[in-house]
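Here is the structure we will look at.
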Amino acid sequence: MKKASTIAALLLLLLLVTGCDLSFGSKGREQPEVLIAQECGMDGLKCCVTEPTCSYGQKCCTDPADPSRNRCADECGCGGQEEFCCVDGPKCKAGLSCQSGNCQLCGIEGKACCAGDDGNILTDGLDGYNPACPGKAASSTALACQNNACVACGLPGNPCCIVGDKCLSPATGQAECADSVCRLCGANGQPACQTEPFCQSGHLLNNGSCLPCGQTNQPCCQDSQGLQTCDGQKNLICELGFCK
């Protein structure tokens with residue numbers, strides 16, 4: 001009897017500690033709650049095919065240019081941010097651009113370039129003003145349109161600026177405008193700059209590139225008289241074209 005009581009007490013303790021459900025069969029067993037992601041009927045989502053088509057009293061708005069597209073919104077309109085593009089008149093309000101049938105922010109850094117009602121990117125650009133990207137970059141430079149995105153002008157790899165310095169050179173190194181794009185030049189295997197000095201000090205022009213020179217096991221540099229030199233402070237000498 002004492003043994004049976006001990007077993008019963010252990011079972012009760014196990015139940016309290018683990019929270020196990022020892023009931024059997026589906027009757028009386030609490031089923032786990034299943035959360036299903038909402039795919040329609042919510043704000044900004046497509047309308048459901050069954051009533052209610054939209055939740056919380058929102059309306060089912062149809063794309064004026066494509067009746068097969070719709071979305072739930074408080075009010076149906078076109079041309080505003082996150083709204084469908086309009087068909088008559090301007091497709092989107094100022095500061096917005098029609099992208100894939102929707103009006104989205106444009107003209108600021110990291111966003112799409114602004115486009116006209118014909119869908120073509122704006123390209124006026126007079127006096128440094130760029131209507132495709134009228135905003136200001138975080139680097140305080142102007143913005144330029146590159147691959148349909150507004151990026152800071154003047155940075156290496158980005159379009160050259162229209163006004164002021166075309167390219168911004170980094171703290172160490174040099175940048176120049178080549179084919180309307182800013183590129184690094186003059187050092188560490190980079191292309192030679194288009195104007196003198198073609199290569200920075202401590203670099204040797206070789207086949208259009210600037211290679212490091214003058215240090216141990218590097219090619220010898222050339223001075224203004226064409227003489228081969230090495231870093232004299234390290235007592236290196238030029239032997240067979242290399243510094244030893």
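Letters A, B, ... mark the chains of the structure tokens in the order given; residue numbers begin at 1 per chain; ligand numbers begin at 1, in order shown.
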(message) What's around range 76-90 of chain A at 8 Å? Count only C-alpha atoms, leave out sequence neighbours fewer than 2 positions away in its own chain, and write the answer as a ChimeraX atom specification.
(response) /A:59-65,73-74,92-93,96,98,101-105,117
(request) Apply DSSP to the structure's backbone, then extract all residues of range 97-243 of chain A labelled strand (DSSP E or B) and return them as a ChimeraX atom specification. (result) /A:97-99,102-106,112,115,121,136,142-146,149-152,159,174-178,181-185,191,203-206,209-212,219,221-222,228-229,238-239,242-243
Selection from above, C-alpha atoms, as a compact mmCIF listing (two decimals), in the first residue's frame, can you write it?
# COMPACT_ATOMS: atom_id res chain seq x y z
CA SER A 97 7.10 58.18 -58.98
CA CYS A 98 4.98 55.47 -60.60
CA GLN A 99 6.75 52.16 -59.97
CA ASN A 102 2.15 52.14 -57.43
CA CYS A 103 3.19 55.64 -56.38
CA GLN A 104 6.39 55.40 -54.34
CA LEU A 105 8.83 57.89 -52.85
CA CYS A 106 11.43 59.03 -55.36
CA ALA A 112 14.12 55.39 -57.27
CA ALA A 115 10.14 59.95 -63.70
CA ILE A 121 13.47 59.45 -65.90
CA LYS A 136 20.41 65.94 -50.70
CA ALA A 142 24.05 66.44 -54.56
CA LEU A 143 22.31 63.29 -55.76
CA ALA A 144 22.62 61.67 -59.15
CA CYS A 145 20.60 58.96 -60.86
CA GLN A 146 22.44 55.66 -61.32
CA ALA A 149 18.40 54.82 -57.98
CA CYS A 150 19.41 58.13 -56.40
CA VAL A 151 23.00 58.00 -55.11
CA ALA A 152 25.45 60.59 -53.79
CA PRO A 159 28.34 59.55 -61.10
CA GLN A 174 42.86 60.45 -55.43
CA ALA A 175 39.62 60.29 -57.40
CA GLU A 176 38.85 61.66 -60.85
CA CYS A 177 35.95 61.79 -63.28
CA ALA A 178 36.24 59.29 -66.13
CA VAL A 181 31.87 58.15 -63.21
CA CYS A 182 34.25 58.85 -60.32
CA ARG A 183 37.10 56.38 -60.02
CA LEU A 184 40.16 56.03 -57.81
CA CYS A 185 43.46 56.48 -59.60
CA PRO A 191 44.58 53.14 -63.29
CA HIS A 203 54.31 54.18 -57.25
CA LEU A 204 55.53 53.24 -60.69
CA LEU A 205 53.58 53.67 -63.92
CA ASN A 206 53.40 50.31 -65.68
CA SER A 209 48.50 51.16 -63.89
CA CYS A 210 50.24 52.56 -60.82
CA LEU A 211 52.13 49.86 -58.91
CA PRO A 212 53.80 50.25 -55.48
CA PRO A 219 60.13 47.25 -58.39
CA CYS A 221 60.92 53.62 -58.53
CA GLN A 222 61.99 56.21 -61.09
CA GLN A 228 65.88 53.93 -60.56
CA THR A 229 65.60 54.50 -56.82
CA CYS A 238 68.11 48.72 -56.68
CA GLU A 239 69.39 45.42 -58.10
CA PHE A 242 64.03 45.37 -57.69
CA CYS A 243 64.73 46.88 -54.28
(message) Taking 6 positions as the minimum chain separation for residues in the same chain, which residues sit within 6 Å of Gly214 in chain A when counting only C-alpha atoms? Answer as a VMD selection string.
(response) chain A and resid 220 to 221 230 to 231
I need the chosen residues saved as a compact mmCIF listing (two decimals), in the first residue's frame, with C-alpha atoms.
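Output (part03.txt):
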# COMPACT_ATOMS: atom_id res chain seq x y z
CA CYS A 220 62.50 50.18 -58.22
CA CYS A 221 60.92 53.62 -58.53
CA CYS A 230 64.59 52.72 -53.61
CA ASP A 231 63.65 53.84 -50.10
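Minimum distance to Asp165 in chain A across A:Thr141, A:Asn148, A:Gly116, A:Phe198 (counting only C-alpha atoms) occurs at A:Thr141.
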